[in-house]
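Source file: model_29.csv (CSV, C-alpha atoms (C1' of nucleotides))
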```
chain,number,residue,atom,x,y,z
E,226,MET,CA,113.9,137.8,83.4
E,227,ILE,CA,114.5,139.0,86.9
E,228,LEU,CA,117.4,141.2,87.8
E,229,PRO,CA,120.0,140.0,90.3
E,230,PRO,CA,119.4,141.1,93.9
E,231,THR,CA,121.7,143.8,95.1
E,232,SER,CA,122.0,142.8,98.7
E,233,GLU,CA,121.7,139.8,100.9
E,234,GLN,CA,118.5,141.2,102.4
E,235,GLU,CA,116.9,141.7,99.1
E,236,LEU,CA,117.8,138.1,98.1
E,237,LEU,CA,116.4,136.8,101.3
E,238,GLU,CA,113.2,138.8,101.0
E,239,ARG,CA,112.7,137.5,97.5
E,240,ALA,CA,113.1,134.0,98.7
E,241,TYR,CA,110.5,134.6,101.4
E,242,THR,CA,108.0,135.7,98.8
E,243,LEU,CA,108.4,132.3,97.1
E,244,ALA,CA,107.5,130.3,100.2
E,245,GLY,CA,104.0,128.8,99.9
E,246,PHE,CA,103.9,128.7,96.2
E,247,THR,CA,103.8,125.5,94.2
E,248,LEU,CA,106.4,124.7,91.6
E,249,GLY,CA,103.7,124.8,89.0
E,250,GLU,CA,102.7,128.3,90.0
E,251,LEU,CA,106.3,129.6,89.9
E,252,ALA,CA,106.9,127.9,86.6
E,253,SER,CA,104.0,129.6,85.0
E,254,LEU,CA,105.0,133.0,86.5
E,255,GLN,CA,108.3,132.4,84.8
E,256,GLY,CA,106.7,131.2,81.6
E,257,ILE,CA,108.4,127.8,82.0
E,258,ASP,CA,106.8,124.5,81.4
E,259,CYS,CA,106.7,122.2,84.4
E,260,PRO,CA,107.7,118.6,83.5
E,261,ALA,CA,105.7,115.7,84.8
E,262,ASP,CA,108.6,114.5,86.9
E,263,LEU,CA,112.3,115.0,87.3
E,264,ARG,CA,113.6,111.8,85.7
E,265,ARG,CA,114.9,113.6,82.7
E,266,GLU,CA,115.5,117.0,84.2
E,267,LYS,CA,117.0,116.4,87.6
E,268,GLY,CA,118.1,120.0,88.0
E,269,TRP,CA,114.8,121.6,87.0
E,270,VAL,CA,113.8,122.7,90.5
E,271,GLY,CA,117.2,124.3,91.1
E,272,MET,CA,117.1,126.1,87.8
E,273,LEU,CA,113.5,127.3,88.4
E,274,LEU,CA,114.5,128.8,91.7
E,275,GLU,CA,117.6,130.5,90.2
E,276,SER,CA,115.4,132.1,87.7
E,277,CYS,CA,112.8,133.2,90.3
E,278,LEU,CA,115.5,134.8,92.4
E,279,GLY,CA,117.5,136.5,89.7
E,280,ALA,CA,120.5,134.2,89.7
E,281,THR,CA,122.6,134.5,86.6
E,282,ALA,CA,122.0,131.3,84.6
E,283,GLY,CA,125.0,129.5,83.4
E,284,SER,CA,127.7,127.1,84.5
E,285,LYS,CA,130.2,129.3,86.1
E,286,PRO,CA,132.3,127.5,88.7
E,287,GLU,CA,131.4,130.1,91.3
E,288,GLN,CA,128.7,131.0,93.8
E,289,ASP,CA,125.3,131.8,92.3
E,290,PHE,CA,125.4,135.3,93.7
E,291,GLN,CA,129.1,136.0,93.5
E,292,ASP,CA,128.8,139.7,94.3
E,293,LEU,CA,126.9,138.8,97.5
E,294,GLY,CA,129.1,135.8,98.2
E,295,ILE,CA,126.1,133.5,98.4
E,296,GLU,CA,125.4,130.1,96.9
E,297,LEU,CA,121.8,129.0,96.3
E,298,LYS,CA,120.7,125.4,97.0
E,299,SER,CA,117.3,123.9,96.7
E,300,ILE,CA,116.8,120.9,98.9
E,301,PRO,CA,114.1,118.3,98.6
E,302,VAL,CA,112.4,117.6,101.9
E,303,SER,CA,109.9,115.1,103.3
E,304,HIS,CA,106.6,116.2,105.0
E,305,THR,CA,108.5,116.2,108.3
E,306,GLY,CA,111.1,118.6,106.9
E,307,LYS,CA,113.9,116.1,106.5
E,308,PRO,CA,116.2,116.1,103.4
E,309,LEU,CA,115.4,113.4,101.0
E,310,GLU,CA,118.6,113.6,99.1
E,311,THR,CA,122.3,114.4,99.6
E,312,THR,CA,123.4,117.8,98.4
E,313,PHE,CA,125.8,118.1,95.6
E,314,VAL,CA,128.4,120.8,96.2
E,315,CYS,CA,131.0,120.8,93.5
E,316,VAL,CA,133.3,118.7,91.4
E,317,ALA,CA,136.3,117.3,93.3
E,318,PRO,CA,139.7,118.3,92.0
E,319,LEU,CA,141.7,115.2,91.1
E,320,THR,CA,144.8,116.8,89.7
E,321,GLY,CA,146.7,120.0,90.3
E,322,VAL,CA,146.0,119.7,94.0
E,323,HIS,CA,149.6,120.4,95.2
E,324,GLY,CA,149.5,123.0,97.9
E,325,LEU,CA,145.7,123.0,98.0
E,326,THR,CA,144.3,123.6,101.4
E,327,TRP,CA,140.8,123.6,102.8
E,328,GLU,CA,141.1,127.4,103.3
E,329,ASN,CA,141.6,128.1,99.6
E,330,SER,CA,139.5,125.2,98.3
E,331,HIS,CA,136.6,125.7,95.9
E,332,ILE,CA,134.2,123.8,98.2
E,333,ARG,CA,134.9,126.0,101.2
E,334,ASN,CA,134.1,129.0,99.1
E,335,LYS,CA,130.8,127.5,97.9
E,336,LEU,CA,129.8,126.6,101.4
E,337,SER,CA,130.8,129.8,103.1
E,338,LYS,CA,127.3,131.1,102.8
E,339,VAL,CA,124.3,129.2,101.4
E,340,LEU,CA,120.7,130.2,100.9
E,341,TRP,CA,118.8,126.9,101.4
E,342,VAL,CA,115.3,126.7,99.8
E,343,PRO,CA,113.4,123.6,101.0
E,344,VAL,CA,111.0,122.1,98.4
E,345,GLU,CA,108.6,119.3,98.9
E,346,GLY,CA,110.3,116.3,97.3
E,347,GLU,CA,108.2,113.3,97.9
E,348,ARG,CA,107.6,111.5,94.6
E,349,GLU,CA,104.0,110.9,95.5
E,350,ILE,CA,103.4,114.6,95.1
E,351,PRO,CA,103.1,115.7,91.4
E,352,LEU,CA,106.0,118.0,90.6
E,353,ALA,CA,103.7,121.0,89.8
E,354,GLU,CA,101.9,120.6,93.2
E,355,ARG,CA,105.0,120.6,95.3
E,356,HIS,CA,105.3,123.6,97.6
E,357,VAL,CA,108.3,125.8,98.2
E,358,GLY,CA,109.2,126.2,101.9
E,359,MET,CA,110.7,128.9,104.0
E,360,PRO,CA,114.3,129.8,103.0
E,361,LEU,CA,117.2,129.8,105.3
E,362,MET,CA,120.5,131.8,105.1
E,363,TRP,CA,123.3,129.7,106.5
E,364,GLN,CA,126.9,130.0,107.3
E,365,PRO,CA,128.8,127.1,108.8
E,366,SER,CA,129.4,127.3,112.5
E,367,ALA,CA,133.0,126.8,113.7
E,368,GLU,CA,132.0,123.2,114.5
E,369,GLU,CA,130.4,122.5,111.2
E,370,GLU,CA,133.4,123.9,109.3
E,371,HIS,CA,135.7,121.8,111.4
E,372,GLN,CA,133.8,118.7,110.5
E,373,LEU,CA,133.7,119.5,106.8
E,374,LYS,CA,137.4,120.3,106.8
E,375,ALA,CA,138.3,117.0,108.5
E,376,ASP,CA,136.3,115.0,105.9
E,377,TRP,CA,137.8,117.0,103.1
E,378,GLU,CA,141.3,116.4,104.3
E,379,GLU,CA,140.7,112.7,104.6
E,380,LEU,CA,139.3,112.5,101.1
E,381,MET,CA,142.0,114.7,99.5
E,382,GLU,CA,144.6,112.5,101.1
E,383,PHE,CA,143.4,109.6,99.0
E,384,ILE,CA,143.4,111.8,95.9
E,385,VAL,CA,146.9,113.1,96.5
E,386,LEU,CA,148.3,109.6,97.1
E,387,GLY,CA,146.8,108.3,93.9
E,388,LYS,CA,144.2,106.2,95.7
E,389,VAL,CA,141.0,107.7,94.1
E,390,HIS,CA,139.8,104.1,93.4
E,391,GLU,CA,139.9,103.3,97.1
E,392,ILE,CA,137.5,106.0,98.0
E,393,SER,CA,133.8,105.1,98.3
E,394,ALA,CA,130.8,107.0,99.4
E,395,ARG,CA,131.2,105.5,102.8
E,396,HIS,CA,134.2,107.7,103.5
E,397,GLY,CA,133.6,111.0,105.2
E,398,GLU,CA,131.3,111.6,108.1
E,399,TYR,CA,129.4,114.5,106.7
E,400,LEU,CA,131.1,115.1,103.3
E,401,GLN,CA,131.3,112.3,100.9
E,402,LEU,CA,132.8,111.7,97.4
E,403,ARG,CA,130.6,110.1,94.8
E,404,PRO,CA,130.5,109.9,91.0
E,405,LYS,CA,129.5,113.0,89.2
E,406,ALA,CA,129.1,112.3,85.5
E,407,ALA,CA,126.8,111.7,82.7
E,408,ASN,CA,127.4,108.0,83.0
E,409,SER,CA,130.0,105.5,84.3
E,410,LYS,CA,132.0,105.6,81.1
E,411,VAL,CA,133.0,109.3,81.4
E,412,THR,CA,136.6,109.8,82.4
E,413,THR,CA,138.8,112.6,83.7
E,414,GLU,CA,142.4,112.7,84.7
E,415,ALA,CA,143.7,111.8,88.2
E,416,TYR,CA,146.9,110.6,89.9
E,417,GLY,CA,147.8,106.9,89.9
E,418,ALA,CA,149.5,105.1,92.8
E,419,LYS,CA,152.9,105.9,91.4
E,420,GLY,CA,152.1,109.5,90.6
E,421,GLN,CA,151.4,108.8,87.0
E,422,PRO,CA,148.3,110.2,85.3
E,423,ILE,CA,145.4,107.8,85.1
E,424,LYS,CA,141.9,108.1,83.8
E,425,THR,CA,139.0,107.8,86.2
E,426,LEU,CA,135.4,108.7,86.8
E,427,PRO,CA,134.8,112.3,87.7
E,428,ARG,CA,133.8,112.7,91.4
E,429,GLY,CA,131.8,115.3,93.3
E,430,PHE,CA,131.6,116.4,96.9
E,431,TYR,CA,128.2,115.8,98.5
E,432,LEU,CA,126.8,116.7,101.9
E,433,ARG,CA,125.1,113.8,103.6
E,434,THR,CA,121.5,114.2,104.6
E,435,GLN,CA,122.4,113.9,108.2
E,436,PHE,CA,124.4,117.1,107.9
E,437,THR,CA,121.8,119.1,106.1
E,438,ALA,CA,119.1,117.8,108.3
E,439,ARG,CA,120.8,119.4,111.3
E,440,ILE,CA,121.1,122.7,109.5
E,441,LEU,CA,117.3,122.7,108.8
E,442,ALA,CA,116.4,121.4,112.2
E,443,ARG,CA,118.4,123.9,114.2
E,444,HIS,CA,117.0,126.8,112.1
E,445,PHE,CA,113.4,125.7,112.1
E,446,MET,CA,113.5,124.2,115.6
E,447,LEU,CA,112.5,120.8,114.3
E,448,PRO,CA,113.1,117.8,116.6
E,449,GLU,CA,116.7,116.7,116.3
E,450,SER,CA,117.6,113.1,117.0
E,451,GLU,CA,121.0,112.1,118.5
R,256,DC,C1',135.8,117.4,77.8
R,257,DT,C1',134.4,121.0,81.7
R,258,DA,C1',131.0,123.1,84.5
R,259,DT,C1',126.1,124.0,86.3
R,260,DG,C1',121.5,122.1,88.3
R,261,DA,C1',120.6,117.6,90.9
R,262,DT,C1',117.6,113.0,91.5
R,263,DC,C1',117.1,108.2,90.0
R,264,DA,C1',117.1,103.3,90.9
R,265,DT,C1',118.9,99.4,92.7
R,266,DG,C1',121.2,96.6,96.2
R,267,DC,C1',121.7,95.9,100.8
F,133,DG,C1',113.9,102.3,104.2
F,134,DC,C1',117.9,104.4,102.7
F,135,DA,C1',122.6,105.2,100.9
F,136,DT,C1',125.6,104.3,97.1
F,137,DG,C1',126.8,104.3,92.6
F,138,DA,C1',124.7,105.7,88.2
F,139,DT,C1',122.5,108.9,85.5
F,140,DC,C1',119.9,113.1,82.9
F,141,DA,C1',119.8,117.9,80.7
F,142,DT,C1',122.2,121.9,79.2
F,143,DA,C1',125.9,125.4,78.1
F,144,DG,C1',130.5,126.5,76.7
```
Please express the file's structure as structure tokens.
Amino acid sequence: MILPPTSEQELLERAYTLAGFTLGELASLQGIDCPADLRREKGWVGMLLESCLGATAGSKPEQDFQDLGIELKSIPVSHTGKPLETTFVCVAPLTGVHGLTWENSHIRNKLSKVLWVPVEGEREIPLAERHVGMPLMWQPSAEEEHQLKADWEELMEFIVLGKVHEISARHGEYLQLRPKAANSKVTTEAYGAKGQPIKTLPRGFYLRTQFTARILARHFMLPESE
DNA sequence: CTATGATCATGC
DNA sequence: GCATGATCATAG
């Protein structure tokens, strides 16, 4: 059990010490068994890093390091350093959204400061042999925040108008809305077209790989297309 | 059910 | 090849 870091600098320093280790090495340091693959434990890498960095385990709907105002995100990357998956941010509110603005939204709070930890994610590499990369402390630039806010407002408009069913993952330039559930039969409450309550699949906000790729590229000075 | 941690697997 | 829609484990 590792105590929570008491400052942003301490957290970042700890994250730097993880760089270069394999997941198998970190798992054994934590006394955790490394699964053969992630098919049945998709969040395993994220949980491992939480434990290595002293994040409080649990499912609190807040930042991982709330005292520091920092969210931890592991991100699977290719050998060229590009994200292999979109990044889940949080569940999307489908009811009780009257008066909700970007400024006071849960998602904005989560993305206000993020410690990104890249991890080799190609399936050809056995899980235990995948390396942890250099961490990156990120805060959205004014431009990035503007882009996220625009997408969020577009998506929330559908939700408020009772048009959840019209939203697909194709909406949103950088932020998208996709299912977030154990399976497609799970339901949660949302607004219908006439304002009546309906049951629908829970959705989550995800950052497109294009967005996270730019964050990593700008920080690590990787070639950026476009 | 909600939340956390995400990646899988198939269709295009 | 890659994005979308579906899915897995766990805690409360």
Next item on the list: List the neighbours of DT265 of chain R out to 10 Å using only C-alpha atoms (C1' of nucleotides); skip same-chain residues closer than 2 positions along the sequence, and give me the result as a list of chain:residue names.
Entry: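 Contacts, in chain order: R:DC263, R:DC267, F:DT136, F:DG137, F:DA138.
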Check: Taking into account all atoms listed in the file, which residue in the set E:Glu310, E:Asp258, E:Glu235, E:Glu349 is nearest to chain F?
Finding: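 Of all the options, E:Glu310 lies closest to chain F.
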Check: So which one's closest to chain R, E:Pro318, E:Gly420, E:Gly294, E:Pro229? Using all atoms listed in the file, please.
Finding: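 Nearest to chain R: E:Pro318.
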Next item on the list: Please provide as a PyMOL selection string all residues within 9 Å of Glu250 of chain E, with the sequence filter that same-chain residues fewer than 4 positions apart are discarded (counting all atoms listed in the file).
Entry: chain E and resi 246+254-255+353-354
Writer output for current selection, C-alpha atoms, as an mmCIF file, in the coordinates of the input:
```cif
data_model
loop_
_atom_site.group_PDB
_atom_site.id
_atom_site.type_symbol
_atom_site.label_atom_id
_atom_site.label_comp_id
_atom_site.auth_asym_id
_atom_site.auth_seq_id
_atom_site.Cartn_x
_atom_site.Cartn_y
_atom_site.Cartn_z
ATOM 1 C CA PHE E 246 103.900 128.700 96.200
ATOM 2 C CA LEU E 254 105.000 133.000 86.500
ATOM 3 C CA GLN E 255 108.300 132.400 84.800
ATOM 4 C CA ALA E 353 103.700 121.000 89.800
ATOM 5 C CA GLU E 354 101.900 120.600 93.200
#
```
Next item on the list: When you get a sec, could you note down which chain E residues fall within 9 Å of chain R, using all atoms listed in the file, as number ranges by chain?
Entry: E: 263-264, 266-272, 282-286, 310, 312-313, 316, 412-413
Can you spit out the residues from that selection as an mmCIF file, keeping the file's coordinate frame, using C-alpha atoms?
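again11.cif written:
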```
data_model
loop_
_atom_site.group_PDB
_atom_site.id
_atom_site.type_symbol
_atom_site.label_atom_id
_atom_site.label_comp_id
_atom_site.auth_asym_id
_atom_site.auth_seq_id
_atom_site.Cartn_x
_atom_site.Cartn_y
_atom_site.Cartn_z
ATOM 1 C CA LEU E 263 112.300 115.000 87.300
ATOM 2 C CA ARG E 264 113.600 111.800 85.700
ATOM 3 C CA GLU E 266 115.500 117.000 84.200
ATOM 4 C CA LYS E 267 117.000 116.400 87.600
ATOM 5 C CA GLY E 268 118.100 120.000 88.000
ATOM 6 C CA TRP E 269 114.800 121.600 87.000
ATOM 7 C CA VAL E 270 113.800 122.700 90.500
ATOM 8 C CA GLY E 271 117.200 124.300 91.100
ATOM 9 C CA MET E 272 117.100 126.100 87.800
ATOM 10 C CA ALA E 282 122.000 131.300 84.600
ATOM 11 C CA GLY E 283 125.000 129.500 83.400
ATOM 12 C CA SER E 284 127.700 127.100 84.500
ATOM 13 C CA LYS E 285 130.200 129.300 86.100
ATOM 14 C CA PRO E 286 132.300 127.500 88.700
ATOM 15 C CA GLU E 310 118.600 113.600 99.100
ATOM 16 C CA THR E 312 123.400 117.800 98.400
ATOM 17 C CA PHE E 313 125.800 118.100 95.600
ATOM 18 C CA VAL E 316 133.300 118.700 91.400
ATOM 19 C CA THR E 412 136.600 109.800 82.400
ATOM 20 C CA THR E 413 138.800 112.600 83.700
#
```
Note to self: At a cut-off of 6 Å, which residues of chain F touch chain E? Count only C-alpha atoms (C1' of nucleotides) and give the answer as a VMD selection string.
What the structure shows: chain F and resid 139 to 141
Item checked: Distance of atom CA of Ile295 of chain E from atom CA of Ile350 of chain E, expressed in Å to one decimal place ->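 It comes out at 29.7 Å.
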Notebook entry, point to check: Can you tell me how far atom CA of Leu319 of chain E sits from atom CA of Arg428 of chain E, in Å to one decimal?
Noted result: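 That distance, rounded to one decimal, is 8.3 Å.
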Item checked: Nearest residue to Leu248 of chain E from the set E:Ala418, E:Leu400, E:Ala317, E:Val357 (distances using all atoms listed in the file) -> E:Val357
Margin query: Just to confirm, what's the straight-line distance from atom C1' of DT142 of chain F to atom CA of Leu336 of chain E in Å (one decimal)?
Written below: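 Atom CA of Leu336 of chain E lies at a distance of 23.9 Å from atom C1' of DT142 of chain F.
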Note to self: Considering all atoms listed in the file, can you say which of E:Pro365, E:Gly256, E:Pro230, E:Gly417 comes closest to Phe436 of chain E?
What the structure shows: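 Looking at the shortest contact to Phe436 of chain E, the residue is E:Pro365.
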Item checked: 8 Å contact set for Ile392 of chain E, all atoms listed in the file, chain neighbours under 5 positions out, as a PyMOL selection string -> chain E and resi 380+383+402
Next item on the list: Skip Ala280 of chain E itself and residues of its chain fewer than 3 positions away, then list as an NGL selection string all residues within 10 Å of it, counting only C-alpha atoms (C1' of nucleotides).
Entry: :E and (226-230 or 236 or 272-277 or 283 or 288-291 or 296-297)
